[in-house]
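This is query-v8.csv (CSV, C-alpha atoms).
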```
chain,number,residue,atom,x,y,z
M,28,MET,CA,123.2,111.1,-76.2
M,29,ASN,CA,121.7,109.8,-73.0
M,30,GLY,CA,118.0,109.2,-73.3
M,31,ALA,CA,117.9,108.8,-77.1
M,32,VAL,CA,115.8,105.9,-78.5
M,33,LYS,CA,117.3,103.8,-81.2
M,34,VAL,CA,114.7,102.6,-83.8
M,35,ALA,CA,115.2,99.6,-86.0
M,36,LEU,CA,113.4,99.7,-89.4
M,37,ARG,CA,112.1,96.7,-91.2
M,38,PRO,CA,111.9,96.5,-95.0
M,39,GLY,CA,108.7,97.8,-96.3
M,40,SER,CA,107.9,99.7,-93.2
M,41,VAL,CA,107.0,103.4,-93.2
M,42,LYS,CA,109.9,105.4,-94.1
M,43,VAL,CA,110.9,108.1,-91.7
M,44,PRO,CA,113.0,111.0,-92.7
M,45,ASN,CA,116.5,111.0,-91.4
M,46,ALA,CA,116.2,112.8,-88.1
M,47,ILE,CA,117.3,112.7,-84.6
M,48,ILE,CA,114.5,111.8,-82.2
M,49,PHE,CA,114.7,112.9,-78.7
M,50,ALA,CA,113.0,111.1,-75.9
M,51,VAL,CA,110.8,113.1,-73.7
M,52,HIS,CA,111.4,111.0,-70.6
M,53,PRO,CA,114.9,109.5,-69.9
M,54,MET,CA,115.0,105.8,-69.8
M,55,PRO,CA,117.6,103.5,-68.2
M,56,GLU,CA,120.3,102.2,-70.4
M,57,GLN,CA,119.4,99.0,-72.2
M,58,LYS,CA,121.6,96.4,-73.7
M,59,TYR,CA,121.0,94.8,-77.0
M,60,ARG,CA,122.4,92.1,-79.2
M,61,PHE,CA,122.3,91.5,-82.9
M,62,ASN,CA,120.3,88.6,-84.2
M,63,PRO,CA,121.8,87.5,-87.5
M,64,LYS,CA,118.7,85.6,-88.4
M,65,THR,CA,116.3,88.5,-88.1
M,66,LEU,CA,119.0,91.1,-88.8
M,67,ASN,CA,117.6,93.0,-85.9
M,68,PHE,CA,119.0,94.2,-82.5
M,69,GLU,CA,117.1,92.5,-79.8
M,70,ARG,CA,116.9,93.7,-76.2
M,71,ILE,CA,118.8,91.5,-73.7
M,72,ARG,CA,116.5,90.4,-70.9
M,73,LEU,CA,118.0,88.9,-67.7
M,74,SER,CA,116.2,86.3,-65.6
M,75,ALA,CA,115.5,86.8,-62.0
M,76,TRP,CA,118.3,84.5,-60.9
M,77,GLN,CA,120.8,86.2,-63.2
M,78,LYS,CA,119.7,89.6,-61.7
M,79,THR,CA,120.1,88.2,-58.2
M,80,LYS,CA,123.5,86.6,-58.9
M,81,ARG,CA,124.7,89.9,-60.5
M,82,THR,CA,123.5,91.9,-57.5
M,83,LEU,CA,125.2,89.5,-55.1
M,84,LEU,CA,128.5,89.6,-57.0
M,85,MET,CA,128.3,93.4,-56.8
M,86,LEU,CA,127.6,93.4,-53.1
M,87,THR,CA,130.1,90.7,-52.0
M,88,PRO,CA,133.2,92.9,-51.9
M,89,GLY,CA,131.3,95.4,-49.8
M,90,LEU,CA,130.0,92.7,-47.5
M,91,VAL,CA,133.5,91.3,-47.0
M,92,VAL,CA,135.0,94.6,-46.3
M,93,GLY,CA,132.2,95.4,-43.9
M,94,ILE,CA,132.6,92.2,-42.0
M,95,ILE,CA,136.4,92.6,-41.8
M,96,GLY,CA,135.8,96.2,-40.5
M,97,ILE,CA,133.3,95.1,-37.9
M,98,PHE,CA,135.7,92.4,-36.7
M,99,LEU,CA,138.6,94.8,-36.4
M,100,VAL,CA,136.4,97.3,-34.6
M,101,TYR,CA,135.2,94.7,-32.1
M,102,GLN,CA,138.7,93.5,-31.6
M,103,PHE,CA,140.5,96.8,-31.0
M,104,VAL,CA,137.8,99.4,-30.2
M,105,ASP,CA,135.7,99.1,-27.1
M,106,SER,CA,132.1,100.0,-27.1
M,107,PRO,CA,131.1,102.5,-24.3
M,108,LYS,CA,129.6,99.6,-22.3
M,109,GLU,CA,132.8,97.5,-22.7
M,110,ALA,CA,135.0,100.5,-21.8
M,111,ALA,CA,132.9,101.0,-18.6
M,112,PHE,CA,133.2,97.2,-17.8
M,113,ARG,CA,137.0,97.4,-18.4
M,114,ARG,CA,137.3,100.4,-16.0
M,115,GLU,CA,135.2,98.6,-13.4
M,116,ASN,CA,137.3,95.5,-13.7
M,117,GLN,CA,140.5,97.5,-13.2
M,118,GLN,CA,139.0,99.1,-10.1
M,119,LEU,CA,138.1,95.7,-8.7
M,120,VAL,CA,141.6,94.4,-9.3
M,121,LEU,CA,143.0,97.4,-7.5
M,122,GLN,CA,140.6,96.9,-4.6
M,123,TYR,CA,141.6,93.2,-4.4
M,124,GLU,CA,145.3,94.2,-4.2
M,125,MET,CA,144.5,96.8,-1.5
M,126,LEU,CA,142.5,94.1,0.4
M,127,ASN,CA,145.4,91.7,0.2
M,128,LYS,CA,147.7,94.4,1.7
M,129,GLN,CA,145.2,94.9,4.6
M,130,LEU,CA,145.0,91.1,5.0
M,131,GLY,CA,148.7,91.0,5.4
M,132,GLU,CA,148.6,93.6,8.2
M,133,VAL,CA,145.8,91.8,9.9
M,134,GLU,CA,147.8,88.5,9.7
M,135,ARG,CA,150.8,90.2,11.3
M,136,VAL,CA,148.6,91.5,14.1
M,137,MET,CA,147.1,88.0,14.5
M,138,GLY,CA,150.6,86.5,14.7
M,139,ASP,CA,151.5,89.0,17.5
M,140,VAL,CA,148.3,88.1,19.4
M,141,ARG,CA,149.1,84.4,19.1
M,142,ARG,CA,152.7,84.9,20.4
M,143,ARG,CA,151.4,86.9,23.3
M,144,ASP,CA,148.8,84.3,24.0
M,145,ASP,CA,151.3,81.5,24.1
M,146,ASN,CA,154.3,83.2,25.6
M,147,ILE,CA,152.7,85.7,28.1
M,148,TYR,CA,149.0,85.1,28.9
M,149,ARG,CA,149.2,81.3,29.1
M,150,VAL,CA,152.5,81.4,30.9
M,151,ILE,CA,151.1,83.7,33.6
M,152,PHE,CA,148.2,81.5,34.2
M,153,GLU,CA,150.2,78.3,33.8
M,154,ALA,CA,148.2,77.0,30.9
M,155,ASP,CA,149.7,74.9,28.0
M,156,PRO,CA,150.0,76.7,24.6
M,157,LEU,CA,147.5,75.8,22.0
M,158,PRO,CA,148.8,73.1,19.6
M,159,GLU,CA,150.0,74.4,16.3
M,160,THR,CA,147.5,72.2,14.4
M,161,MET,CA,144.7,74.0,16.2
M,162,ARG,CA,146.3,77.3,15.5
M,163,GLN,CA,146.4,76.7,11.8
M,164,ALA,CA,142.8,75.7,11.8
M,165,GLY,CA,142.9,73.9,8.5
M,166,ALA,CA,139.8,73.1,6.5
M,167,GLY,CA,139.8,70.0,4.3
M,168,GLY,CA,137.2,68.5,2.0
M,169,VAL,CA,136.3,69.3,-1.6
M,170,ASP,CA,137.6,72.2,-3.6
M,171,ARG,CA,135.7,75.1,-2.0
M,172,TYR,CA,136.8,77.6,-4.6
M,173,LYS,CA,136.0,75.9,-7.9
M,174,ASP,CA,133.2,78.3,-8.6
M,175,LEU,CA,135.7,81.2,-8.6
M,176,SER,CA,137.9,79.6,-11.3
M,177,ASN,CA,138.0,80.1,-15.1
M,178,PHE,CA,137.8,83.9,-14.8
M,179,ALA,CA,140.3,86.6,-15.9
M,180,ASN,CA,141.5,87.3,-12.4
M,181,SER,CA,140.7,83.9,-10.8
M,182,ASP,CA,144.1,83.5,-9.1
M,183,LEU,CA,143.9,86.8,-7.4
M,184,VAL,CA,140.3,86.3,-6.2
M,185,ILE,CA,140.9,82.7,-5.0
M,186,ASP,CA,144.1,83.6,-3.1
M,187,THR,CA,142.3,86.5,-1.4
M,188,LYS,CA,139.4,84.3,-0.5
M,189,LYS,CA,141.7,81.6,0.9
M,190,ARG,CA,143.6,84.1,3.1
M,191,LEU,CA,140.3,85.6,4.3
M,192,ASP,CA,138.8,82.2,5.2
M,193,LYS,CA,142.0,81.1,7.0
M,194,LEU,CA,142.1,84.3,8.9
M,195,THR,CA,138.5,83.9,9.9
M,196,ARG,CA,139.1,80.4,11.2
M,197,GLN,CA,142.2,81.6,13.2
M,198,LEU,CA,140.1,84.4,14.7
M,199,VAL,CA,137.6,81.9,15.9
M,200,VAL,CA,140.3,79.8,17.5
M,201,GLN,CA,142.0,82.8,19.0
M,202,SER,CA,138.7,84.1,20.3
M,203,ARG,CA,138.1,80.8,22.1
M,204,SER,CA,141.7,80.9,23.5
M,205,LEU,CA,141.2,84.4,24.9
M,206,ASP,CA,137.9,83.3,26.4
M,207,GLU,CA,139.8,80.6,28.2
M,208,VAL,CA,142.5,83.0,29.3
M,209,ALA,CA,139.8,85.4,30.5
M,210,SER,CA,138.3,82.5,32.5
M,211,LEU,CA,141.8,81.8,34.0
M,212,ALA,CA,142.2,85.4,34.9
M,213,MET,CA,138.9,85.4,36.7
M,214,ARG,CA,140.1,82.4,38.6
M,215,LYS,CA,143.6,83.8,39.2
M,216,GLN,CA,142.9,84.8,42.8
M,217,GLU,CA,141.5,81.4,43.5
M,218,MET,CA,144.5,79.8,41.7
M,219,LEU,CA,147.0,81.9,43.8
M,220,ALA,CA,145.3,80.7,47.0
M,221,CYS,CA,145.4,77.0,45.8
M,222,ILE,CA,148.9,76.8,44.4
M,223,PRO,CA,151.5,75.5,47.0
M,224,ALA,CA,153.4,78.6,48.0
M,225,VAL,CA,154.7,78.2,51.6
M,226,GLN,CA,156.8,75.8,53.6
M,227,PRO,CA,154.8,73.1,55.3
M,228,ILE,CA,156.4,73.6,58.8
M,229,PRO,CA,157.6,76.8,60.5
M,230,ASN,CA,161.2,77.2,59.3
M,231,GLU,CA,162.2,80.9,59.5
M,232,ASP,CA,165.9,80.3,59.9
M,233,LEU,CA,165.9,77.4,57.3
M,234,SER,CA,167.6,75.1,59.9
M,235,TYR,CA,165.1,72.3,59.4
M,236,ILE,CA,165.9,71.5,55.7
M,237,ALA,CA,167.7,68.2,55.6
M,238,SER,CA,167.5,67.0,52.0
M,239,GLY,CA,166.3,68.4,48.7
M,240,TYR,CA,164.9,67.2,45.4
M,241,GLY,CA,167.1,65.0,43.2
M,242,MET,CA,169.4,62.0,43.4
M,243,ARG,CA,170.3,61.1,47.0
M,244,ILE,CA,171.8,58.2,48.9
M,245,HIS,CA,169.0,56.3,50.4
M,246,PRO,CA,169.5,56.2,54.3
M,247,ILE,CA,168.4,52.5,54.6
M,248,HIS,CA,169.3,50.9,51.3
M,249,LYS,CA,172.5,52.9,50.9
M,250,ILE,CA,172.2,53.2,47.2
M,251,PRO,CA,171.6,56.3,44.9
M,252,LYS,CA,167.9,56.8,44.5
M,253,PHE,CA,165.9,59.7,43.2
M,254,HIS,CA,164.4,61.8,46.0
M,255,ALA,CA,161.1,63.2,44.7
M,256,GLY,CA,160.6,65.8,47.5
M,257,MET,CA,162.1,67.7,50.3
M,258,ASP,CA,162.8,66.6,53.9
M,259,PHE,CA,162.3,68.8,56.9
M,260,THR,CA,163.8,67.6,60.2
M,261,SER,CA,161.7,68.4,63.3
M,262,LYS,CA,160.7,66.8,66.5
M,263,VAL,CA,157.7,64.5,66.7
M,264,GLY,CA,154.5,66.4,67.2
M,265,THR,CA,155.4,69.5,65.2
M,266,PRO,CA,152.3,70.8,63.4
M,267,ILE,CA,152.3,70.4,59.6
M,268,HIS,CA,150.4,73.0,57.6
M,269,ALA,CA,148.6,72.8,54.2
M,270,THR,CA,150.6,74.8,51.7
M,271,GLY,CA,147.6,75.8,49.7
M,272,ASP,CA,143.8,75.6,49.6
M,273,GLY,CA,142.5,72.2,48.4
M,274,LYS,CA,140.7,69.0,49.2
M,275,VAL,CA,142.2,66.0,51.1
M,276,THR,CA,142.1,63.0,48.8
M,277,PHE,CA,144.1,60.6,51.1
M,278,ALA,CA,144.6,60.6,54.9
M,279,ASP,CA,145.7,57.2,56.2
M,280,TYR,CA,148.5,54.8,56.7
M,281,SER,CA,150.0,52.9,53.7
M,282,THR,CA,152.8,50.5,53.1
M,283,ASN,CA,154.3,52.4,50.2
M,284,GLY,CA,157.1,53.8,52.4
M,285,TYR,CA,155.4,57.1,53.3
M,286,GLY,CA,153.8,55.6,56.4
M,287,MET,CA,151.0,57.7,57.6
M,288,HIS,CA,150.6,60.5,55.1
M,289,VAL,CA,148.2,63.1,53.6
M,290,ILE,CA,147.6,64.0,50.0
M,291,VAL,CA,145.9,67.3,49.1
M,292,ASP,CA,144.4,68.1,45.7
M,293,HIS,CA,144.8,71.8,45.1
M,294,GLY,CA,143.2,71.9,41.7
M,295,PHE,CA,144.8,73.5,38.7
M,296,ASP,CA,146.8,70.2,38.3
M,297,TYR,CA,148.6,70.6,41.6
M,298,GLU,CA,148.9,68.0,44.5
M,299,THR,CA,151.0,68.0,47.6
M,300,LEU,CA,152.0,65.0,49.7
M,301,TYR,CA,153.0,65.0,53.4
M,302,GLY,CA,154.7,61.8,54.6
M,303,HIS,CA,155.8,60.0,57.8
M,304,LEU,CA,153.3,61.7,60.1
M,305,SER,CA,152.7,60.6,63.6
M,306,GLU,CA,149.1,61.8,63.8
M,307,LEU,CA,146.4,62.9,61.3
M,308,LYS,CA,144.3,66.1,61.8
M,309,VAL,CA,142.2,65.8,58.6
M,310,ARG,CA,140.1,63.1,56.9
M,311,ASN,CA,139.4,62.1,53.4
M,312,GLY,CA,137.3,64.6,51.4
M,313,GLN,CA,137.9,67.4,53.9
M,314,LYS,CA,138.5,70.9,52.4
M,315,VAL,CA,141.5,72.8,53.8
M,316,LYS,CA,142.9,76.3,53.6
M,317,ARG,CA,146.5,77.3,53.4
M,318,GLY,CA,147.9,77.3,56.9
M,319,ASP,CA,145.5,74.7,58.3
M,320,VAL,CA,147.1,72.0,60.4
M,321,ILE,CA,146.7,68.7,58.6
M,322,GLY,CA,148.9,66.5,60.8
M,323,LEU,CA,151.9,66.2,63.1
M,324,VAL,CA,155.5,65.3,62.3
M,325,GLY,CA,156.4,61.7,63.0
M,326,ASN,CA,158.7,58.8,61.9
M,327,SER,CA,156.2,56.3,60.4
M,328,GLY,CA,156.9,54.3,57.3
M,329,LEU,CA,160.3,53.9,55.7
M,330,SER,CA,162.1,56.6,57.6
M,331,SER,CA,165.5,57.0,59.4
M,332,GLY,CA,164.4,59.6,61.9
M,333,PRO,CA,161.6,62.1,62.8
M,334,HIS,CA,161.0,64.4,59.8
M,335,LEU,CA,158.4,65.5,57.2
M,336,HIS,CA,158.8,64.3,53.6
M,337,TYR,CA,157.1,66.9,51.4
M,338,GLU,CA,156.3,66.6,47.7
M,339,VAL,CA,154.7,68.8,45.1
M,340,HIS,CA,153.1,67.3,42.0
M,341,LYS,CA,152.2,69.2,38.8
M,342,SER,CA,150.1,67.4,36.2
M,343,GLY,CA,150.9,64.1,37.8
M,344,GLU,CA,154.6,64.5,37.9
M,345,ALA,CA,156.8,65.3,41.0
M,346,VAL,CA,158.5,68.7,40.7
M,347,ASP,CA,161.0,70.5,42.9
M,348,PRO,CA,159.2,71.9,46.0
M,349,ALA,CA,161.9,74.5,46.3
M,350,ASN,CA,160.3,76.4,43.4
M,351,TYR,CA,157.0,76.8,45.4
M,352,TYR,CA,158.0,78.9,48.4
M,353,PHE,CA,157.6,82.3,46.8
M,354,ASN,CA,155.1,83.5,49.4
M,355,ASP,CA,157.4,82.5,52.2
M,356,LEU,CA,161.0,83.5,51.4
M,357,THR,CA,162.9,86.6,50.3
M,358,PRO,CA,165.3,86.2,47.3
M,359,GLU,CA,168.2,85.9,49.7
M,360,GLU,CA,166.5,83.2,51.8
M,361,TYR,CA,165.5,81.4,48.7
M,362,ALA,CA,169.1,81.2,47.4
M,363,ARG,CA,170.3,80.0,50.8
M,364,MET,CA,167.5,77.4,50.9
M,365,LEU,CA,168.6,76.0,47.5
M,366,GLU,CA,172.2,75.8,48.6
M,367,ILE,CA,171.3,73.9,51.7
M,368,SER,CA,168.9,71.5,50.0
M,369,ARG,CA,171.3,70.7,47.2
M,370,ASN,CA,174.3,70.1,49.4
M,371,ALA,CA,172.7,67.3,51.3
M,372,GLY,CA,174.0,64.0,50.1
M,373,GLN,CA,171.6,61.7,51.9
M,374,SER,CA,167.9,61.8,52.4
M,375,LEU,CA,166.0,60.7,55.5
M,376,ASP,CA,163.6,58.3,53.6
```
Can you dump the structure from the file as structure tokens?
Amino acid sequence: MNGAVKVALRPGSVKVPNAIIFAVHPMPEQKYRFNPKTLNFERIRLSAWQKTKRTLLMLTPGLVVGIIGIFLVYQFVDSPKEAAFRRENQQLVLQYEMLNKQLGEVERVMGDVRRRDDNIYRVIFEADPLPETMRQAGAGGVDRYKDLSNFANSDLVIDTKKRLDKLTRQLVVQSRSLDEVASLAMRKQEMLACIPAVQPIPNEDLSYIASGYGMRIHPIHKIPKFHAGMDFTSKVGTPIHATGDGKVTFADYSTNGYGMHVIVDHGFDYETLYGHLSELKVRNGQKVKRGDVIGLVGNSGLSSGPHLHYEVHKSGEAVDPANYYFNDLTPEEYARMLEISRNAGQSLD
């Protein structure tokens, strides 16, 4: 039975009656082996290394199973902290998606403001639209988003950051453009006073229009030649009026065919020229207001008869003066004036 002590007797030893001896204290099970030399059972004693090796062999399956279990748990089961991080990450992704939708709406609003700026505001104030390259407001250089790469949602974050940066740059450009438009609006009254907007001589019945803007037969050379202004027939000495506020930049006689003539700089890229005068009423550098007399009709220079040759220049290019009488003519008078000026086949200079 468990706990019994087995006793080996040697020859000549004290004889003990056959009996079963019970141990008072239980002892761990011991292993013995028979020694044929001594004819005795000897207790098997293990070395420390053997005990350690046996213990390791017994523990190895448990360790392997434990490691596999821990690996599976870490792979498929989130810890409370990992679960909280995962939920937070999902919320961040959702917020980025919502932010991208809002960016899309802001980009559409920005596009509408840009179209209004180019097609309404700047047209009203006669300013050139901003170049598309300036509108795009590109930013070159090194990769500005490399610190955002190599993350789980890097593409989403980088795309959002790029759109936000581009929109920010466009807002800066648009803000400057609107500041310019606001400045133009503040100067609108001044601009309206400066832009040529009336006929240079009294011509209520439009009877003094002799030739308009475009290809005409030259009265002296008798060849087709582009006529860069409008001719008004009138007797010598008829007063000539400035058609807008400005500053006289030329008032003298020249040999370029215009004879004695006056040039007025109105600002805002506008100039007017009054040619073939008989007398000057202004001098170089003098400021004039719309309606001021700047000279008298004459026949100086390359001219076939007394008349005023009148030109309007915008940004250095001659334009049709007929488009700049909006303060002087009704729609019906304007249509009649165009018909008269375009039917003339020969100019007076």
Q: Considering all atoms listed in the file, state which residue in the set M:Glu207, M:Asp296, M:Asp258, M:Asp182 is at the smallest distance from M:Ser331.
A: M:Asp258
(Q) List as JSON, numbers by chain the protein and nucleic acid residues near M:Gly256, meaning an atom at most 9 Å away when only C-alpha atoms are counted, but skip any in the same chain fewer than 2 places from it. (A) {"M": [238, 239, 240, 241, 254, 258, 300, 336, 337, 338, 339, 345, 346, 347, 348, 349]}
Q | Contacts of M:Leu191 within 12 Å, all atoms listed in the file, excl. fewer than 5 positions in-chain, as a PyMOL selection string | A | chain M and resi 123+126-131+133-134+184-186+196-198
Could you please take those selected residues and save C-alpha atoms as a PDB file, in the coordinates of the input?
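Listing of out.pdb after writing:
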```
ATOM      1  CA  TYR M 123     141.600  93.200  -4.400  1.00  0.00           C
ATOM      2  CA  LEU M 126     142.500  94.100   0.400  1.00  0.00           C
ATOM      3  CA  ASN M 127     145.400  91.700   0.200  1.00  0.00           C
ATOM      4  CA  LYS M 128     147.700  94.400   1.700  1.00  0.00           C
ATOM      5  CA  GLN M 129     145.200  94.900   4.600  1.00  0.00           C
ATOM      6  CA  LEU M 130     145.000  91.100   5.000  1.00  0.00           C
ATOM      7  CA  GLY M 131     148.700  91.000   5.400  1.00  0.00           C
ATOM      8  CA  VAL M 133     145.800  91.800   9.900  1.00  0.00           C
ATOM      9  CA  GLU M 134     147.800  88.500   9.700  1.00  0.00           C
ATOM     10  CA  VAL M 184     140.300  86.300  -6.200  1.00  0.00           C
ATOM     11  CA  ILE M 185     140.900  82.700  -5.000  1.00  0.00           C
ATOM     12  CA  ASP M 186     144.100  83.600  -3.100  1.00  0.00           C
ATOM     13  CA  ARG M 196     139.100  80.400  11.200  1.00  0.00           C
ATOM     14  CA  GLN M 197     142.200  81.600  13.200  1.00  0.00           C
ATOM     15  CA  LEU M 198     140.100  84.400  14.700  1.00  0.00           C
TER      16      LEU M 198
END
```
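In terms of minimum interatomic distance to M:Ile290, M:Phe277 ranks closest within M:Phe277, M:Tyr351, M:Phe61, M:Phe112, counting all atoms listed in the file.
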Q. Is there a way to get, as a VMD selection string, all residues within 6 Å of the point (156.6, 56.5, 54.2) in file coordinates, counting all atoms listed in the file?
A. chain M and resid 284 to 286 302 to 303 328 to 329
**Q.** Atomic distance atom CA of M:Gln313 - atom CA of M:Gly294, expressed in Å with one decimal
**A.** 14.0 Å
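We find atom CA of M:Ile367 and atom CA of M:Cys221 to be spaced 26.7 Å apart.
Using all atoms listed in the file, the nearest neighbour of M:Leu307 within the list M:Arg363, M:Lys341, M:Lys262, M:His268 is M:His268.
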